[in-house]
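Student: Quick one: this structure, given as structure tokens, is what I'll be asking you about.
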Amino acid sequence: MDIQAIDWNEVWKNRQTRVYDDEQNQAYWDGRARSFALTTDGGDYVARFLEVVKPEPEYRVLDVGCAAGTLAVQLASRVHQVTALDISPMMLDRLQATCKQRGIQNIQPVQASWTDDWDRLAIEPHDVVIASRSLIVPDLRQAIEKLNRYAIRRVCISTPVGVGPLDPVMFQAIGRPCNFGADYIYVYNLLYQLGINANLHFIAYQENRTYQDKDAVVTAMRHRIGELLPQEERALQEYVDRTFVCREGTWQRVEPHIIRWAVMWWSPQYKG
Ligand SMILES: C[S@@+](CC[C@H](N)C(=O)[O-])C[C@H]1O[C@@H](n2cnc3c(N)ncnc32)[C@H](O)[C@@H]1O
């Protein structure tokens with residue numbers, strides 16, 4: 001079969017396990033803002049992603065799906081300005097609180113969706129546009145074309161490899177399939193089809209997220225699953241009892257959990 005005969009955007013869409021509208025998306029990420037802001041899942045992910053961004057002091061960077069500033073805060077001291085765009089006002093509140101606390105003045109937060117008209121929000125092209133772990137979009141092709149339109153020198157994205165941050169053992173424990181949707185290879189194939197020869201490298205790290213108590217662990221797991229039946233809830237509690245321990249006052253995994261991401265970057269000569 002000819003690879004060009006396959007519409008990779010359609011294949012990608014068909015692999016999506018859930019498609020949220022903006023309102024649902026905002027509510028979901030607002031709900032995760034508190035735990036997301038207070039903990040990181042660790043490893044050297046941010047440092048390795050920034051190696052690809054190659055920040056320069058004069059650069060302006062657009063960070064799409066910035067959350068509470070995982071990358072934006074680290075970038076701020078290394079570039080001229082960061083535009084931090086996210087659909088979740090709660091994430092942006094957290095980001096602004098961090099900026100205030102640390103005296104950071106060159107991050108411009110913008111509350112918006114991937115699907116909004118960014119021109120109407122006065123967003124201009126930036127030297128580098130990044131979308132780290134944030135390609136949460138209804139149409140991947142449109143999103144990539146948009147990133148290209150707003151990038152001058154480079155676009156950098158990352159997407160899961162396989163199950164990515166999901167924990168297949170937890171899904172198995174509660175008796176549900178671990179549907180992880182379309183991983184990086186679907187994205188890479190679409191880029192190829194669009195004439196973009198993206199650079200690719202992989203980041204793997206051991207999750208070292210810690211939680212203040214067992215409830216916080218269970219809540220974080222529930223966020224990944226959604227509504228639970230009573231027997232699933234019991235199975236989840238048992239899973240957490242088996243898999244997490246309290247060490248020096250914080251809850252953490254007994255066994256390492258490895259998370260893999262694919263980072264892809266290119267120069268935006270391709271204009272969609
Ligand atoms: C997994 S977090 C990634 C955060 C950060 N870039 C990182 O790598 O740690 C995904 C972020 O995308 C944001 N997001 C989800 N859907 C969005 C949309 N439609 N438009 C803009 N941002 C969105 C969420 O609010 C969340 O902050």
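In the structure tokens, each chain is lettered A, B, ... as it comes, each chain's residues begin at 1, and ligands are numbered from 1 in order of appearance.
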Would you list the contacts of stretch 85-98 of chain A as JSON, numbers by chain, taking every protein, DNA or RNA residue within 9 Å and counting only C-alpha atoms, but skipping same-chain residues closer than 3 positions in sequence?

Tutor: {"A": [22, 25, 26, 27, 28, 29, 30, 31, 32, 33, 34, 36, 37, 62, 63, 64, 65, 66, 67, 68, 69, 70, 72, 73, 101, 102, 103, 104, 107, 108, 109, 110, 111, 112, 113, 114]}

Student: Could you please take those selected residues and save N, CA and C atoms as a short mmCIF file (atom, residue, chain, number, x, y, z; two decimals), in the first residue's frame?

Tutor:
data_model
loop_
_atom_site.label_atom_id
_atom_site.label_comp_id
_atom_site.auth_asym_id
_atom_site.auth_seq_id
_atom_site.Cartn_x
_atom_site.Cartn_y
_atom_site.Cartn_z
N ASP A 22 -14.13 22.60 23.96
CA ASP A 22 -13.31 23.52 24.75
C ASP A 22 -13.80 23.64 26.18
N ASN A 25 -12.81 20.56 28.10
CA ASN A 25 -11.35 20.58 28.23
C ASN A 25 -10.92 21.53 29.34
N GLN A 26 -11.53 22.71 29.33
CA GLN A 26 -11.19 23.72 30.34
C GLN A 26 -11.52 23.20 31.74
N ALA A 27 -12.72 22.60 31.88
CA ALA A 27 -13.12 22.09 33.20
C ALA A 27 -12.16 20.99 33.66
N TYR A 28 -11.79 20.10 32.74
CA TYR A 28 -10.91 18.99 33.09
C TYR A 28 -9.55 19.51 33.58
N TRP A 29 -8.97 20.45 32.82
CA TRP A 29 -7.62 20.93 33.17
C TRP A 29 -7.65 21.88 34.36
N ASP A 30 -8.75 22.62 34.52
CA ASP A 30 -8.90 23.42 35.75
C ASP A 30 -8.86 22.48 36.96
N GLY A 31 -9.54 21.34 36.81
CA GLY A 31 -9.59 20.36 37.91
C GLY A 31 -8.23 19.77 38.23
N ARG A 32 -7.34 19.73 37.24
CA ARG A 32 -6.02 19.14 37.49
C ARG A 32 -4.97 20.18 37.88
N ALA A 33 -5.38 21.47 37.84
CA ALA A 33 -4.38 22.54 37.99
C ALA A 33 -3.63 22.47 39.31
N ARG A 34 -4.36 22.19 40.39
CA ARG A 34 -3.72 22.24 41.70
C ARG A 34 -2.60 21.20 41.81
N PHE A 36 -1.23 19.53 39.40
CA PHE A 36 -0.26 19.69 38.31
C PHE A 36 0.78 20.74 38.68
N ALA A 37 0.30 21.82 39.35
CA ALA A 37 1.20 22.92 39.66
C ALA A 37 2.16 22.57 40.79
N LEU A 62 6.57 31.12 21.90
CA LEU A 62 5.14 30.89 22.16
C LEU A 62 4.99 29.47 22.69
N ASP A 63 4.48 29.35 23.92
CA ASP A 63 4.34 28.05 24.59
C ASP A 63 2.84 27.70 24.60
N VAL A 64 2.44 26.78 23.74
CA VAL A 64 1.01 26.45 23.59
C VAL A 64 0.68 25.28 24.54
N GLY A 65 -0.33 25.49 25.39
CA GLY A 65 -0.65 24.47 26.40
C GLY A 65 0.41 24.50 27.49
N CYS A 66 0.67 25.70 27.98
CA CYS A 66 1.81 25.92 28.90
C CYS A 66 1.55 25.38 30.30
N ALA A 67 0.29 25.10 30.64
CA ALA A 67 -0.10 24.69 32.01
C ALA A 67 0.37 25.74 33.01
N ALA A 68 0.90 25.29 34.14
CA ALA A 68 1.32 26.24 35.18
C ALA A 68 2.74 26.75 34.93
N GLY A 69 3.25 26.48 33.72
CA GLY A 69 4.55 27.04 33.36
C GLY A 69 5.71 26.07 33.45
N THR A 70 5.42 24.78 33.29
CA THR A 70 6.49 23.76 33.36
C THR A 70 7.72 24.20 32.56
N ALA A 72 7.63 27.30 30.49
CA ALA A 72 7.69 28.77 30.39
C ALA A 72 8.55 29.38 31.49
N VAL A 73 8.40 28.87 32.71
CA VAL A 73 9.14 29.44 33.84
C VAL A 73 10.65 29.22 33.65
N GLN A 101 5.85 35.46 42.65
CA GLN A 101 6.74 34.98 43.72
C GLN A 101 8.22 35.10 43.33
N ARG A 102 8.50 34.83 42.03
CA ARG A 102 9.91 34.80 41.61
C ARG A 102 10.35 36.08 40.89
N GLY A 103 9.45 37.05 40.80
CA GLY A 103 9.80 38.31 40.14
C GLY A 103 10.01 38.17 38.64
N ILE A 104 9.31 37.21 38.03
CA ILE A 104 9.45 37.02 36.57
C ILE A 104 8.50 37.99 35.86
N ILE A 107 6.87 36.89 31.09
CA ILE A 107 5.91 35.88 30.62
C ILE A 107 4.56 36.54 30.46
N GLN A 108 4.02 36.45 29.25
CA GLN A 108 2.71 37.04 28.96
C GLN A 108 1.67 35.91 28.89
N PRO A 109 0.80 35.76 29.89
CA PRO A 109 -0.20 34.69 29.83
C PRO A 109 -1.35 35.05 28.89
N VAL A 110 -1.82 34.05 28.15
CA VAL A 110 -2.97 34.26 27.26
C VAL A 110 -3.93 33.10 27.48
N GLN A 111 -5.15 33.40 27.90
CA GLN A 111 -6.12 32.32 28.06
C GLN A 111 -6.84 32.11 26.73
N ALA A 112 -6.57 31.01 26.09
CA ALA A 112 -7.14 30.74 24.76
C ALA A 112 -7.03 29.25 24.46
N SER A 113 -7.77 28.87 23.43
CA SER A 113 -7.74 27.48 22.99
C SER A 113 -6.93 27.36 21.69
N TRP A 114 -6.51 26.14 21.43
CA TRP A 114 -5.90 25.83 20.13
C TRP A 114 -6.81 26.31 19.00
#

Student: Would you please give, as a list in words, all residues of stretch 76-140 of chain A that DSSP assigns to strand (DSSP E) based on the backbone?

Tutor: Gln81, Val82, Thr83, Ala84, Leu85, Asp86, Ile107, Gln108, Pro109, Val110, Gln111, His126, Asp127, Val128, Val129, Ile130, Ala131 and Ser132 of chain A

Student: Output all heavy atoms of each residue in that selection to a file, as a compact mmCIF listing (two decimals), in the first residue's frame.

Tutor:
# COMPACT_ATOMS: atom_id res chain seq x y z
N GLN A 81 11.29 36.94 25.77
CA GLN A 81 9.88 36.97 26.19
C GLN A 81 9.22 35.62 25.89
O GLN A 81 9.57 34.95 24.92
CB GLN A 81 9.17 38.10 25.40
CG GLN A 81 7.79 38.47 25.89
CD GLN A 81 6.72 37.84 25.00
OE1 GLN A 81 6.96 37.56 23.83
NE2 GLN A 81 5.55 37.63 25.56
N VAL A 82 8.27 35.25 26.75
CA VAL A 82 7.50 34.02 26.53
C VAL A 82 6.02 34.37 26.51
O VAL A 82 5.53 35.06 27.41
CB VAL A 82 7.73 32.98 27.66
CG1 VAL A 82 6.92 31.70 27.40
CG2 VAL A 82 9.21 32.66 27.83
N THR A 83 5.31 33.94 25.47
CA THR A 83 3.85 34.03 25.47
C THR A 83 3.34 32.66 25.89
O THR A 83 3.62 31.66 25.23
CB THR A 83 3.32 34.40 24.06
OG1 THR A 83 3.95 35.61 23.64
CG2 THR A 83 1.81 34.58 24.08
N ALA A 84 2.60 32.64 27.01
CA ALA A 84 2.19 31.36 27.60
C ALA A 84 0.69 31.19 27.41
O ALA A 84 -0.10 31.85 28.08
CB ALA A 84 2.57 31.33 29.08
N LEU A 85 0.32 30.33 26.47
CA LEU A 85 -1.10 30.17 26.10
C LEU A 85 -1.66 28.88 26.68
O LEU A 85 -1.05 27.81 26.57
CB LEU A 85 -1.18 30.18 24.57
CG LEU A 85 -2.55 30.10 23.89
CD1 LEU A 85 -2.52 30.83 22.55
CD2 LEU A 85 -3.02 28.68 23.68
N ASP A 86 -2.82 28.98 27.29
CA ASP A 86 -3.47 27.77 27.81
C ASP A 86 -4.97 28.00 27.91
O ASP A 86 -5.43 29.12 28.12
CB ASP A 86 -2.92 27.41 29.20
CG ASP A 86 -3.12 25.93 29.53
OD1 ASP A 86 -4.26 25.55 29.89
OD2 ASP A 86 -2.15 25.15 29.43
N ILE A 107 6.87 36.89 31.09
CA ILE A 107 5.91 35.88 30.62
C ILE A 107 4.56 36.54 30.46
O ILE A 107 4.04 37.14 31.40
CB ILE A 107 5.79 34.69 31.60
CG1 ILE A 107 7.12 33.94 31.71
CG2 ILE A 107 4.68 33.74 31.14
CD1 ILE A 107 7.09 32.71 32.63
N GLN A 108 4.02 36.45 29.25
CA GLN A 108 2.71 37.04 28.96
C GLN A 108 1.67 35.91 28.89
O GLN A 108 1.67 35.14 27.93
CB GLN A 108 2.81 37.77 27.62
CG GLN A 108 1.52 38.33 27.06
CD GLN A 108 1.01 39.49 27.90
OE1 GLN A 108 1.74 40.40 28.24
NE2 GLN A 108 -0.26 39.42 28.26
N PRO A 109 0.80 35.76 29.89
CA PRO A 109 -0.20 34.69 29.83
C PRO A 109 -1.35 35.05 28.89
O PRO A 109 -1.76 36.20 28.85
CB PRO A 109 -0.70 34.57 31.27
CG PRO A 109 -0.28 35.80 31.97
CD PRO A 109 0.69 36.55 31.14
N VAL A 110 -1.82 34.05 28.15
CA VAL A 110 -2.97 34.26 27.26
C VAL A 110 -3.93 33.10 27.48
O VAL A 110 -3.56 31.94 27.27
CB VAL A 110 -2.55 34.27 25.77
CG1 VAL A 110 -3.77 34.44 24.87
CG2 VAL A 110 -1.54 35.37 25.49
N GLN A 111 -5.15 33.40 27.90
CA GLN A 111 -6.12 32.32 28.06
C GLN A 111 -6.84 32.11 26.73
O GLN A 111 -7.60 32.97 26.26
CB GLN A 111 -7.13 32.65 29.17
CG GLN A 111 -7.83 31.41 29.68
CD GLN A 111 -9.32 31.43 29.47
OE1 GLN A 111 -9.96 32.43 29.79
NE2 GLN A 111 -9.86 30.35 28.95
N HIS A 126 6.36 34.03 16.54
CA HIS A 126 7.43 34.00 17.54
C HIS A 126 8.63 33.24 16.96
O HIS A 126 8.45 32.42 16.06
CB HIS A 126 6.96 33.30 18.81
CG HIS A 126 6.01 34.10 19.64
ND1 HIS A 126 4.82 34.59 19.15
CD2 HIS A 126 6.08 34.50 20.94
CE1 HIS A 126 4.18 35.25 20.12
NE2 HIS A 126 4.93 35.21 21.21
N ASP A 127 9.82 33.48 17.51
CA ASP A 127 11.00 32.77 16.99
C ASP A 127 10.80 31.26 17.07
O ASP A 127 11.05 30.54 16.10
CB ASP A 127 12.25 33.17 17.80
CG ASP A 127 12.58 34.63 17.59
OD1 ASP A 127 13.06 34.96 16.50
OD2 ASP A 127 12.28 35.43 18.50
N VAL A 128 10.36 30.82 18.24
CA VAL A 128 10.13 29.38 18.41
C VAL A 128 8.73 29.18 18.98
O VAL A 128 8.30 29.94 19.85
CB VAL A 128 11.17 28.75 19.39
CG1 VAL A 128 10.95 27.25 19.51
CG2 VAL A 128 12.59 29.04 18.94
N VAL A 129 8.03 28.19 18.45
CA VAL A 129 6.72 27.82 19.00
C VAL A 129 6.84 26.40 19.54
O VAL A 129 7.34 25.51 18.84
CB VAL A 129 5.61 27.89 17.92
CG1 VAL A 129 4.28 27.47 18.52
CG2 VAL A 129 5.50 29.30 17.36
N ILE A 130 6.39 26.23 20.79
CA ILE A 130 6.47 24.89 21.39
C ILE A 130 5.08 24.41 21.80
O ILE A 130 4.21 25.20 22.15
CB ILE A 130 7.44 24.85 22.60
CG1 ILE A 130 6.91 25.68 23.78
CG2 ILE A 130 8.82 25.33 22.21
CD1 ILE A 130 7.78 25.57 25.04
N ALA A 131 4.90 23.11 21.71
CA ALA A 131 3.68 22.48 22.24
C ALA A 131 4.16 21.19 22.91
O ALA A 131 4.30 20.14 22.27
CB ALA A 131 2.68 22.18 21.14
N SER A 132 4.46 21.31 24.19
CA SER A 132 5.01 20.18 24.93
C SER A 132 3.89 19.41 25.62
O SER A 132 3.19 19.96 26.48
CB SER A 132 6.02 20.72 25.97
OG SER A 132 6.23 19.77 26.99

Student: When you look at A:Ile144 with a cut-off of 12 Å (counting only C-alpha atoms), what residues show up, excluding the ones that are within fewer than 5 positions of it in the same chain? I need them as a ChimeraX atom specification.

Tutor: /A:9,64,114-115,129-131,135-139,149-151,155-157,187-188,190-196,198,264-266,268,270-272

Student: Here is a test: counting only C-alpha atoms and all ligand atoms, which residue of A:Asp7, A:Asp116, A:Glu207, A:Asp213 is nearest to ligand 1?

Tutor: A:Asp116

Student: Using backbone DSSP assignments, extract all alpha helix (DSSP H) residues from stretch 104-200 of chain A; output them as an MDAnalysis selection string.

Tutor: chainID A and resid 140:149 168:174 184:193

Student: So that I can check the surroundings of stretch 224-229 of chain A, please list as a PDB file with all heavy atoms, in the first residue's frame every protein, DNA and RNA residue that reaches within 10 Å of it, counting only C-alpha atoms and ignoring chain neighbours fewer than 4 positions away.

Tutor:
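What follows is the written file result36.pdb:
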ATOM      1  N   TYR A  28     -11.792  20.096  32.738  1.00  0.00           N
ATOM      2  CA  TYR A  28     -10.910  18.986  33.089  1.00  0.00           C
ATOM      3  C   TYR A  28      -9.555  19.509  33.581  1.00  0.00           C
ATOM      4  O   TYR A  28      -9.052  19.109  34.628  1.00  0.00           O
ATOM      5  CB  TYR A  28     -10.724  18.068  31.870  1.00  0.00           C
ATOM      6  CG  TYR A  28      -9.703  16.983  32.089  1.00  0.00           C
ATOM      7  CD1 TYR A  28     -10.020  15.861  32.840  1.00  0.00           C
ATOM      8  CD2 TYR A  28      -8.416  17.095  31.561  1.00  0.00           C
ATOM      9  CE1 TYR A  28      -9.073  14.860  33.064  1.00  0.00           C
ATOM     10  CE2 TYR A  28      -7.467  16.108  31.785  1.00  0.00           C
ATOM     11  CZ  TYR A  28      -7.795  14.992  32.527  1.00  0.00           C
ATOM     12  OH  TYR A  28      -6.848  14.011  32.756  1.00  0.00           O
ATOM     13  N   ARG A  32      -7.338  19.730  37.242  1.00  0.00           N
ATOM     14  CA  ARG A  32      -6.017  19.138  37.490  1.00  0.00           C
ATOM     15  C   ARG A  32      -4.970  20.180  37.884  1.00  0.00           C
ATOM     16  O   ARG A  32      -3.834  19.835  38.201  1.00  0.00           O
ATOM     17  CB  ARG A  32      -5.540  18.402  36.235  1.00  0.00           C
ATOM     18  CG  ARG A  32      -6.263  17.087  36.025  1.00  0.00           C
ATOM     19  CD  ARG A  32      -5.587  16.249  34.953  1.00  0.00           C
ATOM     20  NE  ARG A  32      -4.245  15.835  35.324  1.00  0.00           N
ATOM     21  CZ  ARG A  32      -3.435  15.148  34.523  1.00  0.00           C
ATOM     22  NH1 ARG A  32      -3.839  14.789  33.329  1.00  0.00           N
ATOM     23  NH2 ARG A  32      -2.221  14.810  34.898  1.00  0.00           N
ATOM     24  N   PRO A 165       2.324   8.663  29.573  1.00  0.00           N
ATOM     25  CA  PRO A 165       2.264   8.781  31.036  1.00  0.00           C
ATOM     26  C   PRO A 165       1.249   7.839  31.690  1.00  0.00           C
ATOM     27  O   PRO A 165       1.176   7.774  32.911  1.00  0.00           O
ATOM     28  CB  PRO A 165       1.838  10.238  31.247  1.00  0.00           C
ATOM     29  CG  PRO A 165       1.088  10.599  30.012  1.00  0.00           C
ATOM     30  CD  PRO A 165       1.671   9.784  28.888  1.00  0.00           C
ATOM     31  N   LEU A 166       0.451   7.123  30.876  1.00  0.00           N
ATOM     32  CA  LEU A 166      -0.552   6.235  31.474  1.00  0.00           C
ATOM     33  C   LEU A 166       0.124   5.026  32.120  1.00  0.00           C
ATOM     34  O   LEU A 166       1.216   4.625  31.725  1.00  0.00           O
ATOM     35  CB  LEU A 166      -1.552   5.757  30.412  1.00  0.00           C
ATOM     36  CG  LEU A 166      -2.387   6.847  29.727  1.00  0.00           C
ATOM     37  CD1 LEU A 166      -3.363   6.210  28.744  1.00  0.00           C
ATOM     38  CD2 LEU A 166      -3.144   7.694  30.743  1.00  0.00           C
ATOM     39  N   ASP A 167      -0.564   4.443  33.083  1.00  0.00           N
ATOM     40  CA  ASP A 167      -0.022   3.305  33.819  1.00  0.00           C
ATOM     41  C   ASP A 167      -0.850   2.069  33.444  1.00  0.00           C
ATOM     42  O   ASP A 167      -1.949   1.871  33.976  1.00  0.00           O
ATOM     43  CB  ASP A 167      -0.135   3.623  35.315  1.00  0.00           C
ATOM     44  CG  ASP A 167       0.302   2.455  36.184  1.00  0.00           C
ATOM     45  OD1 ASP A 167       0.551   1.357  35.651  1.00  0.00           O
ATOM     46  OD2 ASP A 167       0.383   2.656  37.406  1.00  0.00           O
ATOM     47  N   MET A 170      -2.208  -0.155  36.271  1.00  0.00           N
ATOM     48  CA  MET A 170      -3.358   0.377  37.016  1.00  0.00           C
ATOM     49  C   MET A 170      -4.662   0.085  36.265  1.00  0.00           C
ATOM     50  O   MET A 170      -5.655  -0.343  36.860  1.00  0.00           O
ATOM     51  CB  MET A 170      -3.168   1.887  37.202  1.00  0.00           C
ATOM     52  CG  MET A 170      -4.200   2.551  38.077  1.00  0.00           C
ATOM     53  SD  MET A 170      -5.506   3.316  37.125  1.00  0.00           S
ATOM     54  CE  MET A 170      -4.680   4.724  36.456  1.00  0.00           C
ATOM     55  N   PHE A 171      -4.634   0.270  34.947  1.00  0.00           N
ATOM     56  CA  PHE A 171      -5.842  -0.026  34.155  1.00  0.00           C
ATOM     57  C   PHE A 171      -6.191  -1.507  34.254  1.00  0.00           C
ATOM     58  O   PHE A 171      -7.350  -1.872  34.402  1.00  0.00           O
ATOM     59  CB  PHE A 171      -5.651   0.406  32.694  1.00  0.00           C
ATOM     60  CG  PHE A 171      -5.851   1.879  32.496  1.00  0.00           C
ATOM     61  CD1 PHE A 171      -4.795   2.766  32.576  1.00  0.00           C
ATOM     62  CD2 PHE A 171      -7.112   2.405  32.260  1.00  0.00           C
ATOM     63  CE1 PHE A 171      -4.980   4.132  32.425  1.00  0.00           C
ATOM     64  CE2 PHE A 171      -7.319   3.769  32.105  1.00  0.00           C
ATOM     65  CZ  PHE A 171      -6.253   4.637  32.185  1.00  0.00           C
ATOM     66  N   ILE A 174      -7.941  -2.350  37.517  1.00  0.00           N
ATOM     67  CA  ILE A 174      -9.363  -2.018  37.654  1.00  0.00           C
ATOM     68  C   ILE A 174     -10.215  -2.680  36.564  1.00  0.00           C
ATOM     69  O   ILE A 174     -11.428  -2.490  36.509  1.00  0.00           O
ATOM     70  CB  ILE A 174      -9.611  -0.483  37.657  1.00  0.00           C
ATOM     71  CG1 ILE A 174      -9.225   0.157  36.311  1.00  0.00           C
ATOM     72  CG2 ILE A 174      -8.915   0.196  38.811  1.00  0.00           C
ATOM     73  CD1 ILE A 174      -9.819   1.538  36.146  1.00  0.00           C
ATOM     74  N   ARG A 176      -9.958  -2.369  33.149  1.00  0.00           N
ATOM     75  CA  ARG A 176     -10.290  -1.615  31.928  1.00  0.00           C
ATOM     76  C   ARG A 176      -9.126  -1.666  30.954  1.00  0.00           C
ATOM     77  O   ARG A 176      -7.960  -1.737  31.383  1.00  0.00           O
ATOM     78  CB  ARG A 176     -10.507  -0.133  32.264  1.00  0.00           C
ATOM     79  CG  ARG A 176     -11.808   0.135  32.969  1.00  0.00           C
ATOM     80  CD  ARG A 176     -12.163   1.587  32.766  1.00  0.00           C
ATOM     81  NE  ARG A 176     -13.138   2.026  33.746  1.00  0.00           N
ATOM     82  CZ  ARG A 176     -13.654   3.231  33.760  1.00  0.00           C
ATOM     83  NH1 ARG A 176     -13.276   4.128  32.866  1.00  0.00           N
ATOM     84  NH2 ARG A 176     -14.543   3.573  34.667  1.00  0.00           N
ATOM     85  N   CYS A 178      -6.298  -0.222  28.594  1.00  0.00           N
ATOM     86  CA  CYS A 178      -5.509   1.024  28.647  1.00  0.00           C
ATOM     87  C   CYS A 178      -5.494   1.622  27.237  1.00  0.00           C
ATOM     88  O   CYS A 178      -4.577   1.391  26.453  1.00  0.00           O
ATOM     89  CB  CYS A 178      -4.092   0.711  29.140  1.00  0.00           C
ATOM     90  SG  CYS A 178      -3.038   2.141  29.252  1.00  0.00           S
ATOM     91  N   THR A 219      -6.737  10.391  43.987  1.00  0.00           N
ATOM     92  CA  THR A 219      -7.343  11.471  43.191  1.00  0.00           C
ATOM     93  C   THR A 219      -6.618  11.624  41.864  1.00  0.00           C
ATOM     94  O   THR A 219      -7.245  11.771  40.804  1.00  0.00           O
ATOM     95  CB  THR A 219      -7.284  12.806  43.988  1.00  0.00           C
ATOM     96  OG1 THR A 219      -7.925  12.586  45.235  1.00  0.00           O
ATOM     97  CG2 THR A 219      -7.985  13.922  43.258  1.00  0.00           C
ATOM     98  N   ALA A 220      -5.285  11.595  41.907  1.00  0.00           N
ATOM     99  CA  ALA A 220      -4.503  11.745  40.668  1.00  0.00           C
ATOM    100  C   ALA A 220      -4.825  10.604  39.704  1.00  0.00           C
ATOM    101  O   ALA A 220      -4.973  10.816  38.486  1.00  0.00           O
ATOM    102  CB  ALA A 220      -3.016  11.778  40.983  1.00  0.00           C
ATOM    103  N   GLU A 233     -13.554   1.361  41.971  1.00  0.00           N
ATOM    104  CA  GLU A 233     -13.015   2.221  43.025  1.00  0.00           C
ATOM    105  C   GLU A 233     -12.272   1.358  44.055  1.00  0.00           C
ATOM    106  O   GLU A 233     -11.152   1.695  44.460  1.00  0.00           O
ATOM    107  CB  GLU A 233     -14.182   2.982  43.674  1.00  0.00           C
ATOM    108  CG  GLU A 233     -13.799   3.934  44.772  1.00  0.00           C
ATOM    109  CD  GLU A 233     -13.034   5.172  44.304  1.00  0.00           C
ATOM    110  OE1 GLU A 233     -13.405   5.755  43.260  1.00  0.00           O
ATOM    111  OE2 GLU A 233     -12.050   5.534  44.961  1.00  0.00           O
ATOM    112  N   ARG A 234     -12.875   0.224  44.433  1.00  0.00           N
ATOM    113  CA  ARG A 234     -12.224  -0.664  45.396  1.00  0.00           C
ATOM    114  C   ARG A 234     -10.910  -1.209  44.823  1.00  0.00           C
ATOM    115  O   ARG A 234      -9.888  -1.236  45.494  1.00  0.00           O
ATOM    116  CB  ARG A 234     -13.150  -1.843  45.750  1.00  0.00           C
ATOM    117  CG  ARG A 234     -14.143  -1.520  46.857  1.00  0.00           C
ATOM    118  CD  ARG A 234     -14.791  -2.794  47.399  1.00  0.00           C
ATOM    119  NE  ARG A 234     -15.519  -3.555  46.385  1.00  0.00           N
ATOM    120  CZ  ARG A 234     -16.746  -3.252  45.957  1.00  0.00           C
ATOM    121  NH1 ARG A 234     -17.390  -2.220  46.470  1.00  0.00           N
ATOM    122  NH2 ARG A 234     -17.343  -3.982  45.017  1.00  0.00           N
ATOM    123  N   ALA A 235     -10.960  -1.605  43.558  1.00  0.00           N
ATOM    124  CA  ALA A 235      -9.759  -2.151  42.909  1.00  0.00           C
ATOM    125  C   ALA A 235      -8.665  -1.075  42.833  1.00  0.00           C
ATOM    126  O   ALA A 235      -7.474  -1.377  43.000  1.00  0.00           O
ATOM    127  CB  ALA A 235     -10.108  -2.666  41.511  1.00  0.00           C
ATOM    128  N   LEU A 236      -9.088   0.163  42.608  1.00  0.00           N
ATOM    129  CA  LEU A 236      -8.104   1.251  42.535  1.00  0.00           C
ATOM    130  C   LEU A 236      -7.427   1.459  43.895  1.00  0.00           C
ATOM    131  O   LEU A 236      -6.199   1.593  43.975  1.00  0.00           O
ATOM    132  CB  LEU A 236      -8.791   2.548  42.070  1.00  0.00           C
ATOM    133  CG  LEU A 236      -7.889   3.784  42.006  1.00  0.00           C
ATOM    134  CD1 LEU A 236      -6.761   3.598  40.980  1.00  0.00           C
ATOM    135  CD2 LEU A 236      -8.700   5.035  41.639  1.00  0.00           C
TER     136      LEU A 236
END

Student: Measuring atom to atom with only C-alpha atoms and all ligand atoms, identify which of A:Asn106, A:Ala182, A:Arg120, A:Ser134 is nearest to ligand 1.

Tutor: A:Ser134

Student: Using only C-alpha atoms, determine which residues lie at most 8 Å from A:Gly181, disregarding the query and same-chain residues fewer than 3 positions distant; provide the list as a list in words.

Tutor: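 Neighbouring residues, sequence-local ones excluded: Arg15, Gln16 and Thr17 of chain A.
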
Student: If you count only C-alpha atoms, which residues fall within 12 Å of A:Lys54, apart from same-chain ones fewer than 2 positions away, as a ChimeraX atom specification?

Tutor: /A:47-52,56-61,75,78-79,127-130,153-156,265

Student: In terms of the shortest atom-to-atom distance over only C-alpha atoms and all ligand atoms, which of A:Asn14, A:Gln4, A:Thr159, A:Asn189 is closest to ligand 1?

Tutor: A:Thr159

Student: Rank A:Lys13, A:Lys146, A:Lys214, A:His257 by their smallest atom-to-atom distance to A:Asp183, using only C-alpha atoms, and report the top residue only.

Tutor: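 Closest to A:Asp183 of all the choices is A:Lys13.
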
Student: Given only C-alpha atoms and all ligand atoms as the basis, pick out the residue of A:Ala5, A:Val263, A:Cys99, A:Ala173 nearest to ligand 1.

Tutor: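 Of all the options, A:Val263 lies closest to ligand 1.
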
Student: Between A:Ala216, A:Ile152, A:Tyr239, A:Ser35, which one has atoms that come closest to A:Gly175, using only C-alpha atoms?

Tutor: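 Ranking A:Ala216, A:Ile152, A:Tyr239, A:Ser35 by distance to A:Gly175, first place goes to A:Tyr239.
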